[in-house]
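K.L.:
First the structure, which I've put down as structure tokens, then a few questions once you've had a look.
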There are 2 protein chains.
Amino acid sequence: MGRVAELEHRVLAELAAAPGPDHDSRHLVQARVDDILRPTGALARLDELAVWLAGWLGARPAVDHPAAVIFAADHGVAELSAFPADVTAAMVTAFRSGRASISAMASVAGATVEVVDLGVGRPTDDIRRTAAMSEWRFVEAFEAGRQAVARPFESDPASDDATRQDLPDLLILGEMGIGNTASAAAVVGALTGAEASEVVGAGTGVDGDRLAAKVAGVEAALARLADEASGRGTPSPFEVMRQVGGTELVAMMGAMVEARVRSIPILLDGYVVGASALALHVLGASAGTAAAAEHLWAGHCSAEPGHRLVLTELGLRPLLDLDFRLGEASGAMAALPLVRMACRLVTDVPTFAEWFE
Amino acid sequence: MGRVAELEHRVLAELAAAPGPDHDSRHLVQARVDDILRPTGALARLDELAVWLAGWLGARPAVDHPAAVIFAADHGVAELSAFPADVTAAMVTAFRSGRASISAMASVAGATVEVVDLGVGRPTDDIRRTAAMSEWRFVEAFEAGRQAVARPFESDPASDDATRQDLPDLLILGEMGIGNTASAAAVVGALTGAEASEVVGAGTGVDGDRLAAKVAGVEAALARLADEASGRGTPSPFEVMRQVGGTELVAMMGAMVEARVRSIPILLDGYVVGASALALHVLGASAGTAAAAEHLWAGHCSAEPGHRLVLTELGLRPLLDLDFRLGEASGAMAALPLVRMACRLVTDVPTFAEWFE
């Protein structure tokens with residue numbers, strides 16, 4: 001068994017053993033929203049969200065320390081993008097200096113932003129011709145994603161409870177990587193069987209001949225993957241991610257697994273994050289662990305046509321639908337205040353019984 | 001000329017004389033978003049919003065002191081609601097004690113919430129049988145709405161610039177009034193010619209026979225209005241509001257006029273606020289002052305079927321579409337963080353030129 005197959009095996013066992021959402025807390029919050037001081041169902045979507053959050057955060061759900069982690073990487077198919085590859089590195093600098101779009105949005109939403117470098121300046125291989133990464137690199141990226149989530153929880157033995165109050169109670173995963181909507185499209189195409197033309201969009205802004213070249217590139221990657229797999233059955237979600245994904249996509253899948261094991265809810269950003277979520281969902285479904293992706297809520301639906309397909313496959317309805325196509329966690333960050341409101345709307349507002357007693 | 005016709009005449013003159021949006025600021029922000037550190041158009045809806053805000057708030061738009069004003073009133077058609085009429089007064093108490101849904105949302109969004117009582121416990125007349133209010137009461141409600149906006153700006157002569165920094169830079173108008181979706185439906189039906197069945201929805205939650213009774217009630221009000229107007233042409237927007245509206249709807253129209261004259265942008269809430277906005281828009285259009293409602297942006301589209309019609313008539317595209325049906329400014333408050341983000345996304349993020357210089 002190869003390193004990746006071995007990791008997949010271990011992860012499936014972890015997912016199967018992970019505790020599900022807390023049904024008691026969910027029921028308590030459901031009972032509360034049914035009697036809260038507003039017409040029943042008047043803020044239905046936020047009530048549903050509060051009930052879901054209660055499954056992970058308890059009967060008085062609070063999102064006081066939301067944390068965004070942006071995974072950055074370079075791609076062998078960067079030439080399919082509207083931007084040159086070195087923009088990835090420039091944007092990482094902008095994130096770290098707090099000058100990027102996501103920084104401005106996070107300051108309004110009250111979230112922290114961290115960047116994890118999965119190999120900026122060290123692009124993956126060209127997925128049209130060969131696997132994006134070695135088995136070794138896949139495992140490295142996956143573990144880096146897990147570590148990004150685990151790190152704040154692996155407390156210094158000297159730390160006390162007071163410092164632990166800052167631990168993230170909700171995660172937002174984001175990404176930056178010139179060329180990565182092509183990788184995401186290849187992953188989604190491979191996992192769903194959709195045609196390249198159905199899953200490829202403008203990304204940062206290609207159209208005409210450049211869009212056609214992007215579709216052809218994803219087609220080539222999918223054809224190569226089918227050839228590789230020929231006679232060996234459908235490639236597993238991990239193998240799909242290794243063959244046609246990118247290191248930031250793999251890392252985000254690792255982060256989602258770690259969050260699932262730790263019962264931390266995740267607010268999903270756009271298409272590239274969605275491709276990783278879909279890989280986790282398909283992995284769980286393949287082993288009868290339908291709940292592998294149960295800790296994911298859709299922040300928004302982007303302008304990428306494939307994103308709507310991903311959300312449908314995940315069974316998720318996005319909070320926002322504003323035609324964003326930026327990535328870098330922006331769609332989820334835009335939706336974060338709604339998540340914070342959903343909590344306060346059940347914890348801070350009395351029920352009719354409480355109000356009129 | 002009656003008191004209402006006289007007021008309408010004076011208001012039209014004020015609207016015609018009101019300064020338009022600041023085109024220089026709009027152009028500056030448009031130029032900036034075209035070169036900002038993200039793919040052009042990647043956050044298109046928020047960029048459009050920032051350009052629009054610049055027309056009212058200047059070339060470095062900032063929403064630092066958003067203020068919500070909730071107009072509360074009772075209605076002669078309260079029996080058409082799912083809730084008893086005395087819920088209006090109870091909710092006013094909840095708003096004032098900071099325990100309502102809107103209070104919880106405002107604390108996340110960072111807005112103030114004020115309540116203006118337009119006659120809670122002193123319901124308008126039954127619009128199925130007679131005009132909702134006298135000419136005198138119309139004028140009183142309209143002026144109360146204007147005053148609610150003007151008050152913070154009419155500074156104490158002793159106050160200095162420092163205290164003026166807290167002046168509202170964006171307004172959210174909301175309402176509370178058991179029965180007022182029926183009044184809103186009658187206003188929208190009268191202004192657009194739509195059938196009662198197209199503009200009446202569940203409100204706080206009527207269905208079956210009670211929904212049919214609500215449709216019949218609005219039909220009766222529209223038929224009475226048509227009879228009254230018979231031979232005298234289409235009733236003016238002010239007369240429509242007086243005949244089949246409510247005092248909080250009239251007050252919100254007054255607040256919108258005052259905000260327009262003072263160039264203060266307004267983020268619209270739901271169906272009832274939309275009905276007032278539509279009356280202002282139709283009033284402006286009737287006098288060739290198409291820009292009367294130019295300072296309004298749609299926060300959300302509610303679950304009320306008539307709200308979508310109102311937004312179409314206003315030419316507005318809502319930021320959120322979450323099936324809310326609460327009122328009390330909740331849909332606009334949910335959208336407020338997006339407005340704040342739109343500002344920060346142009347003021348805090350460098351352009352490509354600035355970043356790479």
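Every chain in the structure tokens has a letter given in the order shown (A, B, ...), and although residue numbers restart at 1 in each chain, ligands are simply numbered from 1 in the order shown.
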Report as an MDAnalysis selection string: the residues of range 170-238 of chain A with a DSSP assignment of alpha helix (DSSP H), based on the backbone of this structure.

P.N.:
chainID A and resid 180:192 196:199 208:229 237:238

K.L.:
Skipping near chain neighbours, those fewer than 2 positions away, what residues fall within 12 Å of Ala144 in chain A using only C-alpha atoms, listed as a ChimeraX atom specification?

P.N.:
/A:69,71-72,115-119,137-142,146-151,247-258

K.L.:
Just N, CA, C and O atoms for this one: save the residues we selected as a compact mmCIF listing (two decimals), in the first residue's frame.

P.N.:
# COMPACT_ATOMS: atom_id res chain seq x y z
N VAL A 69 -7.83 30.86 7.87
CA VAL A 69 -6.50 30.37 7.48
C VAL A 69 -6.48 30.31 5.96
O VAL A 69 -7.35 29.68 5.35
N PHE A 71 -4.49 29.17 2.69
CA PHE A 71 -3.46 28.24 2.22
C PHE A 71 -2.99 28.69 0.84
O PHE A 71 -3.80 28.83 -0.08
N ALA A 72 -1.69 28.92 0.71
CA ALA A 72 -1.15 29.47 -0.54
C ALA A 72 -0.19 28.48 -1.19
O ALA A 72 0.60 27.82 -0.50
N VAL A 115 -1.74 32.93 7.32
CA VAL A 115 -1.40 32.37 6.01
C VAL A 115 -0.50 31.16 6.22
O VAL A 115 0.43 31.20 7.03
N VAL A 116 -0.80 30.09 5.49
CA VAL A 116 0.06 28.90 5.52
C VAL A 116 0.63 28.70 4.11
O VAL A 116 -0.13 28.59 3.15
N ASP A 117 1.94 28.69 4.01
CA ASP A 117 2.63 28.55 2.72
C ASP A 117 2.88 27.07 2.43
O ASP A 117 3.62 26.40 3.12
N LEU A 118 2.20 26.58 1.38
CA LEU A 118 2.34 25.15 1.01
C LEU A 118 3.34 24.95 -0.11
O LEU A 118 3.36 23.88 -0.73
N GLY A 119 4.12 25.96 -0.43
CA GLY A 119 5.08 25.80 -1.51
C GLY A 119 4.92 26.89 -2.55
O GLY A 119 4.90 26.60 -3.75
N ARG A 137 4.84 14.46 -1.17
CA ARG A 137 4.40 15.85 -1.05
C ARG A 137 2.93 15.94 -0.65
O ARG A 137 2.52 16.85 0.07
N PHE A 138 2.16 14.98 -1.12
CA PHE A 138 0.74 14.94 -0.74
C PHE A 138 0.62 14.83 0.78
O PHE A 138 -0.11 15.59 1.43
N VAL A 139 1.35 13.86 1.34
CA VAL A 139 1.26 13.62 2.79
C VAL A 139 1.74 14.85 3.56
O VAL A 139 1.11 15.27 4.55
N GLU A 140 2.80 15.47 3.07
CA GLU A 140 3.34 16.67 3.71
C GLU A 140 2.29 17.79 3.73
O GLU A 140 2.06 18.44 4.77
N ALA A 141 1.63 18.00 2.59
CA ALA A 141 0.62 19.08 2.50
C ALA A 141 -0.58 18.78 3.38
O ALA A 141 -1.11 19.66 4.08
N PHE A 142 -1.01 17.53 3.36
CA PHE A 142 -2.18 17.13 4.16
C PHE A 142 -1.89 17.36 5.64
O PHE A 142 -2.72 17.93 6.36
N ARG A 146 -3.62 19.81 8.56
CA ARG A 146 -4.08 19.37 9.89
C ARG A 146 -3.41 20.21 10.98
O ARG A 146 -4.07 20.65 11.92
N GLN A 147 -2.11 20.39 10.84
CA GLN A 147 -1.36 21.14 11.85
C GLN A 147 -1.86 22.57 11.99
O GLN A 147 -1.89 23.12 13.09
N ALA A 148 -2.22 23.19 10.86
CA ALA A 148 -2.70 24.58 10.92
C ALA A 148 -3.92 24.69 11.83
O ALA A 148 -4.12 25.69 12.51
N VAL A 149 -4.75 23.63 11.83
CA VAL A 149 -5.93 23.64 12.70
C VAL A 149 -5.57 23.23 14.12
O VAL A 149 -6.06 23.81 15.09
N ALA A 150 -4.69 22.25 14.23
CA ALA A 150 -4.39 21.67 15.55
C ALA A 150 -3.55 22.60 16.42
O ALA A 150 -3.70 22.62 17.65
N ARG A 151 -2.66 23.35 15.79
CA ARG A 151 -1.64 24.13 16.52
C ARG A 151 -2.18 24.90 17.73
O ARG A 151 -1.68 24.72 18.84
N THR A 247 -1.35 21.58 -3.79
CA THR A 247 -0.99 21.36 -2.39
C THR A 247 -1.92 22.11 -1.43
O THR A 247 -2.20 21.63 -0.33
N GLU A 248 -2.40 23.30 -1.84
CA GLU A 248 -3.33 24.01 -0.93
C GLU A 248 -4.67 23.32 -0.85
O GLU A 248 -5.32 23.34 0.20
N LEU A 249 -5.10 22.66 -1.95
CA LEU A 249 -6.35 21.90 -1.90
C LEU A 249 -6.20 20.71 -0.95
O LEU A 249 -7.10 20.40 -0.17
N VAL A 250 -5.04 20.05 -1.04
CA VAL A 250 -4.78 18.90 -0.16
C VAL A 250 -4.71 19.36 1.30
O VAL A 250 -5.28 18.73 2.19
N ALA A 251 -4.03 20.47 1.52
CA ALA A 251 -3.91 20.99 2.89
C ALA A 251 -5.28 21.35 3.46
O ALA A 251 -5.57 21.09 4.63
N MET A 252 -6.14 21.93 2.62
CA MET A 252 -7.48 22.31 3.12
C MET A 252 -8.28 21.07 3.47
O MET A 252 -9.06 21.07 4.42
N MET A 253 -8.09 19.98 2.69
CA MET A 253 -8.77 18.73 3.04
C MET A 253 -8.25 18.23 4.40
O MET A 253 -9.04 17.78 5.24
N GLY A 254 -6.95 18.34 4.60
CA GLY A 254 -6.38 17.96 5.90
C GLY A 254 -6.95 18.81 7.02
O GLY A 254 -7.31 18.31 8.09
N ALA A 255 -7.08 20.11 6.77
CA ALA A 255 -7.63 21.02 7.78
C ALA A 255 -9.07 20.65 8.10
O ALA A 255 -9.50 20.69 9.26
N MET A 256 -9.82 20.28 7.07
CA MET A 256 -11.23 19.91 7.30
C MET A 256 -11.33 18.63 8.12
O MET A 256 -12.22 18.48 8.95
N VAL A 257 -10.42 17.68 7.87
CA VAL A 257 -10.42 16.43 8.65
C VAL A 257 -10.09 16.75 10.11
O VAL A 257 -10.77 16.28 11.03
N GLU A 258 -9.07 17.56 10.32
CA GLU A 258 -8.69 17.90 11.69
C GLU A 258 -9.83 18.62 12.41
O GLU A 258 -10.12 18.35 13.58

K.L.:
Per residue of chain B within 7 Å of chain A, what are the shortest atom pair and its distance in Å to one decimal, counting only C-alpha atoms, with rows by chain and residue number, as a Markdown table?

P.N.:
| residue | atom | partner | partner_atom | distance |
| --- | --- | --- | --- | --- |
| B:Pro39 | CA | A:Thr204 | CA | 5.7 |
| B:Ala42 | CA | A:Arg325 | CA | 4.8 |
| B:Leu43 | CA | A:Phe324 | CA | 4.9 |
| B:Ala44 | CA | A:Phe324 | CA | 6.7 |
| B:Arg45 | CA | A:Leu322 | CA | 6.3 |
| B:Arg99 | CA | A:Val349 | CA | 5.5 |
| B:Ala100 | CA | A:Val349 | CA | 5.7 |
| B:Ser101 | CA | A:Leu345 | CA | 5.8 |
| B:Ala104 | CA | A:Arg344 | CA | 5.6 |
| B:Met105 | CA | A:Met341 | CA | 5.3 |
| B:Val108 | CA | A:Met341 | CA | 6.2 |
| B:Thr204 | CA | A:Pro39 | CA | 5.7 |
| B:Leu320 | CA | A:Leu320 | CA | 6.6 |
| B:Leu322 | CA | A:Arg45 | CA | 6.4 |
| B:Phe324 | CA | A:Leu43 | CA | 4.9 |
| B:Arg325 | CA | A:Ala42 | CA | 4.8 |
| B:Leu326 | CA | A:Ala42 | CA | 5.1 |
| B:Ala334 | CA | A:Leu338 | CA | 6.4 |
| B:Pro337 | CA | A:Pro337 | CA | 6.7 |
| B:Leu338 | CA | A:Ala334 | CA | 6.4 |
| B:Arg340 | CA | A:Val108 | CA | 6.9 |
| B:Met341 | CA | A:Met105 | CA | 5.3 |
| B:Arg344 | CA | A:Ala104 | CA | 5.6 |
| B:Leu345 | CA | A:Ala104 | CA | 5.8 |
| B:Asp348 | CA | A:Ala104 | CA | 6.2 |
| B:Val349 | CA | A:Arg99 | CA | 5.5 |
| B:Pro350 | CA | A:Arg99 | CA | 6.9 |

K.L.:
Figure out the distance between CA of Asp126 in chain A and CA of Ala221 in chain A, please, to one decimal in Å.

P.N.:
8.7 Å

K.L.:
Nearest to Gly174 in chain A among A:Val113, A:Ile127, A:Ala291, A:Met241, with distances taken over only C-alpha atoms: which residue is it?

P.N.:
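Once distances to Gly174 in chain A are computed over only C-alpha atoms, the minimum belongs to A:Val113.
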
K.L.:
Enumerate as a list in words all residues of range 146-291 of chain B assigned to strand (DSSP E) by DSSP on the backbone, naming them with the chain letters and numbers the document uses.

P.N.:
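In range 146-291 of chain B, DSSP puts these residues in strand (DSSP E): Leu170, Leu171, Ile172, Leu173, Gly174, Glu175, Met176, Ile266, Leu267 and Leu268 of chain B.
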
K.L.:
Store the residues of this selection in a file with N, CA, C and O atoms, as a PDB file, in the first residue's frame.

P.N.:
ATOM      1  N   LEU B 170     -24.959  56.583   7.655  1.00  0.00           N
ATOM      2  CA  LEU B 170     -25.840  55.696   6.883  1.00  0.00           C
ATOM      3  C   LEU B 170     -27.062  55.407   7.750  1.00  0.00           C
ATOM      4  O   LEU B 170     -26.929  55.198   8.954  1.00  0.00           O
ATOM      5  N   LEU B 171     -28.221  55.409   7.126  1.00  0.00           N
ATOM      6  CA  LEU B 171     -29.451  55.130   7.871  1.00  0.00           C
ATOM      7  C   LEU B 171     -30.060  53.807   7.454  1.00  0.00           C
ATOM      8  O   LEU B 171     -30.008  53.416   6.277  1.00  0.00           O
ATOM      9  N   ILE B 172     -30.611  53.134   8.432  1.00  0.00           N
ATOM     10  CA  ILE B 172     -31.456  51.967   8.196  1.00  0.00           C
ATOM     11  C   ILE B 172     -32.830  52.317   8.760  1.00  0.00           C
ATOM     12  O   ILE B 172     -32.921  52.746   9.913  1.00  0.00           O
ATOM     13  N   LEU B 173     -33.858  52.185   7.924  1.00  0.00           N
ATOM     14  CA  LEU B 173     -35.211  52.416   8.422  1.00  0.00           C
ATOM     15  C   LEU B 173     -35.883  51.065   8.613  1.00  0.00           C
ATOM     16  O   LEU B 173     -35.751  50.172   7.773  1.00  0.00           O
ATOM     17  N   GLY B 174     -36.577  50.920   9.727  1.00  0.00           N
ATOM     18  CA  GLY B 174     -37.301  49.683   9.981  1.00  0.00           C
ATOM     19  C   GLY B 174     -38.663  50.022  10.530  1.00  0.00           C
ATOM     20  O   GLY B 174     -38.972  51.192  10.782  1.00  0.00           O
ATOM     21  N   GLU B 175     -39.486  49.003  10.706  1.00  0.00           N
ATOM     22  CA  GLU B 175     -40.849  49.274  11.198  1.00  0.00           C
ATOM     23  C   GLU B 175     -41.347  48.121  12.041  1.00  0.00           C
ATOM     24  O   GLU B 175     -40.864  47.010  11.934  1.00  0.00           O
ATOM     25  N   MET B 176     -42.347  48.435  12.839  1.00  0.00           N
ATOM     26  CA  MET B 176     -43.062  47.445  13.646  1.00  0.00           C
ATOM     27  C   MET B 176     -44.493  47.906  13.710  1.00  0.00           C
ATOM     28  O   MET B 176     -44.758  49.066  14.079  1.00  0.00           O
ATOM     29  N   ILE B 266     -29.382  55.457   2.476  1.00  0.00           N
ATOM     30  CA  ILE B 266     -30.263  54.583   3.270  1.00  0.00           C
ATOM     31  C   ILE B 266     -30.149  53.152   2.761  1.00  0.00           C
ATOM     32  O   ILE B 266     -30.201  52.903   1.558  1.00  0.00           O
ATOM     33  N   LEU B 267     -29.989  52.232   3.706  1.00  0.00           N
ATOM     34  CA  LEU B 267     -30.017  50.810   3.386  1.00  0.00           C
ATOM     35  C   LEU B 267     -31.429  50.321   3.696  1.00  0.00           C
ATOM     36  O   LEU B 267     -31.884  50.401   4.838  1.00  0.00           O
ATOM     37  N   LEU B 268     -32.124  49.837   2.658  1.00  0.00           N
ATOM     38  CA  LEU B 268     -33.532  49.474   2.827  1.00  0.00           C
ATOM     39  C   LEU B 268     -33.699  48.121   3.481  1.00  0.00           C
ATOM     40  O   LEU B 268     -32.976  47.177   3.188  1.00  0.00           O
TER      41      LEU B 268
END
